[in-house]
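Visitor: If it helps, the file is called model19.cif and holds mmCIF, C-alpha atoms:
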```
data_start
#
loop_
_atom_site.group_PDB
_atom_site.id
_atom_site.type_symbol
_atom_site.label_atom_id
_atom_site.label_comp_id
_atom_site.auth_asym_id
_atom_site.auth_seq_id
_atom_site.Cartn_x
_atom_site.Cartn_y
_atom_site.Cartn_z
ATOM 1 C CA MET A 1 0.000 0.000 0.000
ATOM 2 C CA GLY A 2 1.850 3.001 -1.233
ATOM 3 C CA ILE A 3 0.775 6.574 -1.552
ATOM 4 C CA MET A 4 1.142 7.930 -5.057
ATOM 5 C CA LEU A 5 1.997 11.594 -5.396
ATOM 6 C CA VAL A 6 1.203 13.183 -8.719
ATOM 7 C CA ALA A 7 2.197 16.781 -9.301
ATOM 8 C CA ALA A 8 2.684 18.433 -12.689
ATOM 9 C CA GLY A 9 3.166 15.115 -14.519
ATOM 10 C CA VAL A 10 5.783 13.735 -12.066
ATOM 11 C CA ALA A 11 4.841 10.570 -10.180
ATOM 12 C CA ALA A 12 6.758 9.150 -7.222
ATOM 13 C CA ALA A 13 5.920 6.312 -4.868
ATOM 14 C CA ALA A 14 6.203 7.186 -1.181
ATOM 15 C CA ASP A 15 7.108 3.671 -0.066
ATOM 16 C CA THR A 16 10.019 3.045 -2.457
ATOM 17 C CA PRO A 17 13.416 3.339 -0.804
ATOM 18 C CA SER A 18 15.710 6.119 -1.858
ATOM 19 C CA PRO A 19 18.678 5.218 -4.102
ATOM 20 C CA GLY A 20 21.066 5.840 -1.199
ATOM 21 C CA ALA A 21 19.265 3.416 1.163
ATOM 22 C CA SER A 22 21.357 0.553 2.490
ATOM 23 C CA PRO A 23 20.423 -2.999 1.380
ATOM 24 C CA ALA A 24 19.692 -3.976 5.006
ATOM 25 C CA VAL A 25 16.749 -1.550 5.070
ATOM 26 C CA VAL A 26 15.062 -3.069 1.990
ATOM 27 C CA GLU A 27 12.507 -5.725 2.955
ATOM 28 C CA VAL A 28 12.454 -9.125 1.282
ATOM 29 C CA PRO A 29 8.947 -9.606 -0.181
ATOM 30 C CA ASP A 30 6.835 -12.745 0.262
ATOM 31 C CA GLY A 31 5.106 -14.469 -2.643
ATOM 32 C CA VAL A 32 8.311 -14.656 -4.684
ATOM 33 C CA ALA A 33 10.058 -17.958 -5.390
ATOM 34 C CA TYR A 34 13.342 -18.228 -3.472
ATOM 35 C CA THR A 35 15.561 -21.081 -4.631
ATOM 36 C CA GLY A 36 18.287 -22.516 -2.462
ATOM 37 C CA VAL A 37 20.342 -25.598 -1.753
ATOM 38 C CA ILE A 38 19.749 -28.134 1.011
ATOM 39 C CA GLN A 39 22.705 -30.462 1.607
ATOM 40 C CA ASN A 40 22.337 -33.815 3.368
ATOM 41 C CA LYS A 41 25.623 -34.606 5.124
ATOM 42 C CA THR A 42 24.338 -37.725 6.893
ATOM 43 C CA LYS A 43 24.461 -41.383 5.908
ATOM 44 C CA TYR A 44 20.646 -41.483 5.864
ATOM 45 C CA GLU A 45 18.180 -40.759 3.073
ATOM 46 C CA VAL A 46 15.828 -38.048 4.365
ATOM 47 C CA SER A 47 12.619 -36.570 2.999
ATOM 48 C CA ILE A 48 11.119 -33.101 3.310
ATOM 49 C CA PRO A 49 7.646 -31.893 2.335
ATOM 50 C CA SER A 50 7.352 -29.769 -0.783
ATOM 51 C CA GLU A 51 6.068 -26.227 -0.203
ATOM 52 C CA ASN A 52 3.939 -25.927 -3.328
ATOM 53 C CA SER A 53 2.285 -29.372 -3.459
ATOM 54 C CA ASP A 54 1.476 -32.398 -1.319
ATOM 55 C CA ALA A 55 4.574 -34.188 -2.591
ATOM 56 C CA THR A 56 7.626 -35.268 -0.617
ATOM 57 C CA VAL A 57 11.150 -34.466 -1.789
ATOM 58 C CA ILE A 58 13.795 -37.108 -1.037
ATOM 59 C CA ILE A 59 17.397 -36.060 -0.403
ATOM 60 C CA PRO A 60 19.870 -38.925 -0.865
ATOM 61 C CA ALA A 61 22.585 -39.649 1.685
ATOM 62 C CA HIS A 62 25.548 -37.267 1.225
ATOM 63 C CA GLY A 63 23.622 -35.500 -1.564
ATOM 64 C CA TRP A 64 21.948 -32.156 -2.193
ATOM 65 C CA ILE A 65 18.858 -30.712 -3.863
ATOM 66 C CA GLU A 66 17.562 -27.360 -5.052
ATOM 67 C CA TYR A 67 14.551 -26.384 -2.926
ATOM 68 C CA THR A 68 12.069 -23.539 -3.471
ATOM 69 C CA ILE A 69 10.322 -21.597 -0.702
ATOM 70 C CA TRP A 70 7.641 -18.956 -1.236
ATOM 71 C CA THR A 71 8.222 -16.835 1.888
ATOM 72 C CA HIS A 72 11.458 -15.208 2.969
ATOM 73 C CA GLN A 73 11.561 -17.390 6.118
ATOM 74 C CA ALA A 74 10.415 -20.995 6.512
ATOM 75 C CA ASN A 75 10.720 -23.845 8.992
ATOM 76 C CA VAL A 76 11.175 -27.238 7.345
ATOM 77 C CA THR A 77 11.357 -30.618 9.092
ATOM 78 C CA ALA A 78 13.381 -33.453 7.564
ATOM 79 C CA TYR A 79 12.074 -36.995 8.135
ATOM 80 C CA HIS A 80 13.822 -40.371 8.173
ATOM 81 C CA ASN A 81 11.612 -43.489 8.054
ATOM 82 C CA GLY A 82 8.568 -41.341 8.833
ATOM 83 C CA GLU A 83 10.042 -39.950 12.050
ATOM 84 C CA PRO A 84 11.197 -36.318 12.491
ATOM 85 C CA PHE A 85 14.959 -36.265 12.020
ATOM 86 C CA TYR A 86 16.159 -32.652 11.705
ATOM 87 C CA CYS A 87 14.653 -29.150 11.788
ATOM 88 C CA LEU A 88 15.773 -26.494 9.300
ATOM 89 C CA LYS A 89 15.214 -22.757 9.694
ATOM 90 C CA LEU A 90 15.517 -21.224 6.233
ATOM 91 C CA ALA A 91 15.941 -17.491 5.605
ATOM 92 C CA ALA A 92 16.202 -16.074 2.086
ATOM 93 C CA HIS A 93 18.809 -13.476 1.145
ATOM 94 C CA PRO A 94 18.550 -13.062 -2.661
ATOM 95 C CA ASP A 95 21.652 -14.128 -4.629
ATOM 96 C CA GLN A 96 23.924 -14.214 -1.570
ATOM 97 C CA TYR A 97 25.184 -17.817 -1.835
ATOM 98 C CA SER A 98 27.369 -19.308 -4.580
ATOM 99 C CA TYR A 99 27.302 -23.074 -5.094
ATOM 100 C CA MET A 100 28.222 -25.115 -8.183
ATOM 101 C CA CYS A 101 28.682 -21.964 -10.333
ATOM 102 C CA SER A 102 25.165 -20.659 -9.541
ATOM 103 C CA LYS A 103 23.761 -18.032 -7.178
ATOM 104 C CA TYR A 104 21.180 -19.154 -4.613
ATOM 105 C CA ASP A 105 18.964 -17.335 -2.118
ATOM 106 C CA PHE A 106 19.623 -19.639 0.853
ATOM 107 C CA MET A 107 21.757 -22.613 1.823
ATOM 108 C CA ALA A 108 21.131 -25.198 4.553
ATOM 109 C CA GLU A 109 22.804 -28.382 5.783
ATOM 110 C CA ILE A 110 21.354 -31.467 7.404
ATOM 111 C CA VAL A 111 23.959 -32.903 9.749
ATOM 112 C CA LYS A 112 23.855 -35.852 12.107
ATOM 113 C CA PRO A 113 21.879 -34.890 15.224
ATOM 114 C CA GLU A 114 23.790 -34.876 18.492
ATOM 115 C CA ALA A 115 23.416 -37.940 20.704
ATOM 116 C CA ALA A 116 21.114 -37.532 23.675
ATOM 117 C CA ALA A 117 23.000 -36.878 26.921
ATOM 118 C CA GLY A 118 21.288 -39.642 28.921
ATOM 119 C CA LYS A 119 21.844 -42.468 26.462
ATOM 120 C CA TYR A 120 24.945 -44.554 26.993
ATOM 121 C CA LYS A 121 25.605 -47.678 24.989
ATOM 122 C CA PRO A 122 27.937 -50.041 26.823
ATOM 123 C CA MET A 123 30.618 -51.854 24.870
ATOM 124 C CA LYS A 124 30.351 -55.566 24.228
ATOM 125 C CA LYS A 125 32.416 -57.798 26.446
ATOM 126 C CA ARG A 126 35.288 -59.304 24.502
ATOM 127 C CA LYS A 127 35.804 -63.005 24.441
ATOM 128 C CA ARG A 128 39.353 -64.207 24.935
ATOM 129 C CA ARG A 129 40.834 -67.001 22.906
ATOM 130 C CA VAL A 130 41.810 -70.063 24.796
ATOM 131 C CA LYS A 131 44.781 -71.979 23.503
ATOM 132 C CA LYS A 132 44.258 -75.663 23.106
ATOM 133 C CA GLN A 133 46.689 -77.772 25.040
ATOM 134 C CA SER A 134 48.283 -80.600 23.218
ATOM 135 C CA SER A 135 47.942 -84.019 24.810
ATOM 136 C CA VAL A 136 51.344 -85.709 24.884
#
```
As structure tokens, what does this structure read like?

Guide:
Amino acid sequence: MGIMLVAAGVAAAADTPSPGASPAVVEVPDGVAYTGVIQNKTKYEVSIPSENSDATVIIPAHGWIEYTIWTHQANVTAYHNGEPFYCLKLAAHPDQYSYMCSKYDFMAEIVKPEAAAGKYKPMKKRKRRVKKQSSV
């Protein structure tokens, strides 16, 4: 919603930033497709829901995909075998990230989640070899 000023054939929008405004002041609009890269650095195949359909996108182990979001910030949950595996907080910054000779709006990594503090897996008890004695 901008106010349009028209005076003597000159039109100017009141809500457009001035040419000297810093890029941090300019807002990132919603409703625009932001494309980024999500890297899976785990040994598991994970899946994430697609933002524009009811489909599921599968990211292979140690692989990456291009992913599109339609808002400048999004929370995405990665699943492994139907269980929540990792939470991603995506924030778009247009053309700020270079990857594979292309510019992307965001970049995220799925890494192995930290082990829970209370879970301890004891080591297996080793069996010792017993030498057979020769009968003389």

Visitor: Can you list, as a ChimeraX atom specification, the residues that the PyMOL selection byres ((chain A and resi 68-85) around 9) selects here?

Guide: /A:28-37,44-52,66-67,86-93,110,112-113

Visitor: One decimal, in Å: what's the spacing between atom CA of A:Val57 and atom CA of A:Gln96?

Guide: 23.9 Å

Visitor: In Å to one decimal, how far is atom CA of A:Ala61 from atom CA of A:Asp105?

Guide: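 Atom-to-atom, atom CA of A:Asp105 to atom CA of A:Ala61, that is 22.9 Å.
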
Visitor: What is the distance, in Å and to one decimal place, between atom CA of A:Cys101 and atom CA of A:Asn40?

Guide: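 Rounded to one decimal, the two atoms are 19.2 Å apart.
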
Visitor: Which is closer to A:Ile58 than all the others in A:Tyr97, A:Gln133, A:Ile38, A:Arg128, using only C-alpha atoms?

Guide: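 When distances to A:Ile58 are compared using only C-alpha atoms, the smallest one comes from A:Ile38.
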
Visitor: Return stretch 38-58 of chain A, completed with N, CA, C and O atoms, as a tab-separated table (two decimals), in the frame of the given file.

Guide:
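Dumped to result_18.tsv:
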```tsv
chain	number	residue	atom	x	y	z
A	38	ILE	N	19.76	-27.41	-0.26
A	38	ILE	CA	19.75	-28.13	1.01
A	38	ILE	C	20.68	-29.33	0.84
A	38	ILE	O	20.47	-30.16	-0.04
A	39	GLN	N	21.72	-29.39	1.67
A	39	GLN	CA	22.70	-30.46	1.61
A	39	GLN	C	22.43	-31.46	2.72
A	39	GLN	O	22.17	-31.07	3.86
A	40	ASN	N	22.49	-32.75	2.39
A	40	ASN	CA	22.34	-33.82	3.37
A	40	ASN	C	23.72	-34.40	3.62
A	40	ASN	O	24.28	-35.07	2.77
A	41	LYS	N	24.28	-34.13	4.80
A	41	LYS	CA	25.62	-34.61	5.12
A	41	LYS	C	25.58	-35.80	6.07
A	41	LYS	O	26.53	-36.05	6.79
A	42	THR	N	24.47	-36.54	6.06
A	42	THR	CA	24.34	-37.72	6.89
A	42	THR	C	24.42	-38.97	6.02
A	42	THR	O	24.41	-38.89	4.80
A	43	LYS	N	24.45	-40.13	6.66
A	43	LYS	CA	24.46	-41.38	5.91
A	43	LYS	C	23.04	-41.91	5.68
A	43	LYS	O	22.86	-43.02	5.20
A	44	TYR	N	22.04	-41.08	6.00
A	44	TYR	CA	20.65	-41.48	5.86
A	44	TYR	C	19.97	-40.74	4.72
A	44	TYR	O	20.27	-39.58	4.45
A	45	GLU	N	19.04	-41.40	4.07
A	45	GLU	CA	18.18	-40.76	3.07
A	45	GLU	C	17.05	-40.08	3.83
A	45	GLU	O	16.37	-40.72	4.62
A	46	VAL	N	16.87	-38.78	3.65
A	46	VAL	CA	15.83	-38.05	4.36
A	46	VAL	C	14.84	-37.47	3.37
A	46	VAL	O	15.13	-37.30	2.19
A	47	SER	N	13.65	-37.16	3.85
A	47	SER	CA	12.62	-36.57	3.00
A	47	SER	C	12.07	-35.31	3.66
A	47	SER	O	12.01	-35.22	4.89
A	48	ILE	N	11.71	-34.34	2.82
A	48	ILE	CA	11.12	-33.10	3.31
A	48	ILE	C	9.87	-32.82	2.49
A	48	ILE	O	9.80	-33.17	1.31
A	49	PRO	N	8.86	-32.20	3.09
A	49	PRO	CA	7.65	-31.89	2.34
A	49	PRO	C	7.88	-30.74	1.36
A	49	PRO	O	8.60	-29.79	1.66
A	50	SER	N	7.26	-30.84	0.20
A	50	SER	CA	7.35	-29.77	-0.78
A	50	SER	C	6.45	-28.62	-0.35
A	50	SER	O	5.39	-28.84	0.24
A	51	GLU	N	6.85	-27.39	-0.63
A	51	GLU	CA	6.07	-26.23	-0.20
A	51	GLU	C	4.90	-25.93	-1.12
A	51	GLU	O	3.92	-25.36	-0.71
A	52	ASN	N	4.99	-26.32	-2.39
A	52	ASN	CA	3.94	-25.93	-3.33
A	52	ASN	C	3.02	-27.07	-3.74
A	52	ASN	O	2.18	-26.90	-4.60
A	53	SER	N	3.18	-28.26	-3.16
A	53	SER	CA	2.28	-29.37	-3.46
A	53	SER	C	2.27	-30.33	-2.26
A	53	SER	O	2.94	-30.09	-1.26
A	54	ASP	N	1.53	-31.40	-2.39
A	54	ASP	CA	1.48	-32.40	-1.32
A	54	ASP	C	2.55	-33.47	-1.48
A	54	ASP	O	2.49	-34.51	-0.86
A	55	ALA	N	3.52	-33.22	-2.31
A	55	ALA	CA	4.57	-34.19	-2.59
A	55	ALA	C	5.65	-34.16	-1.51
A	55	ALA	O	5.72	-33.24	-0.69
A	56	THR	N	6.49	-35.18	-1.52
A	56	THR	CA	7.63	-35.27	-0.62
A	56	THR	C	8.90	-35.31	-1.45
A	56	THR	O	8.98	-36.06	-2.42
A	57	VAL	N	9.87	-34.52	-1.08
A	57	VAL	CA	11.15	-34.47	-1.79
A	57	VAL	C	12.15	-35.30	-1.01
A	57	VAL	O	12.31	-35.12	0.20
A	58	ILE	N	12.83	-36.22	-1.69
A	58	ILE	CA	13.80	-37.11	-1.04
A	58	ILE	C	15.21	-36.61	-1.34
A	58	ILE	O	15.57	-36.36	-2.49
```
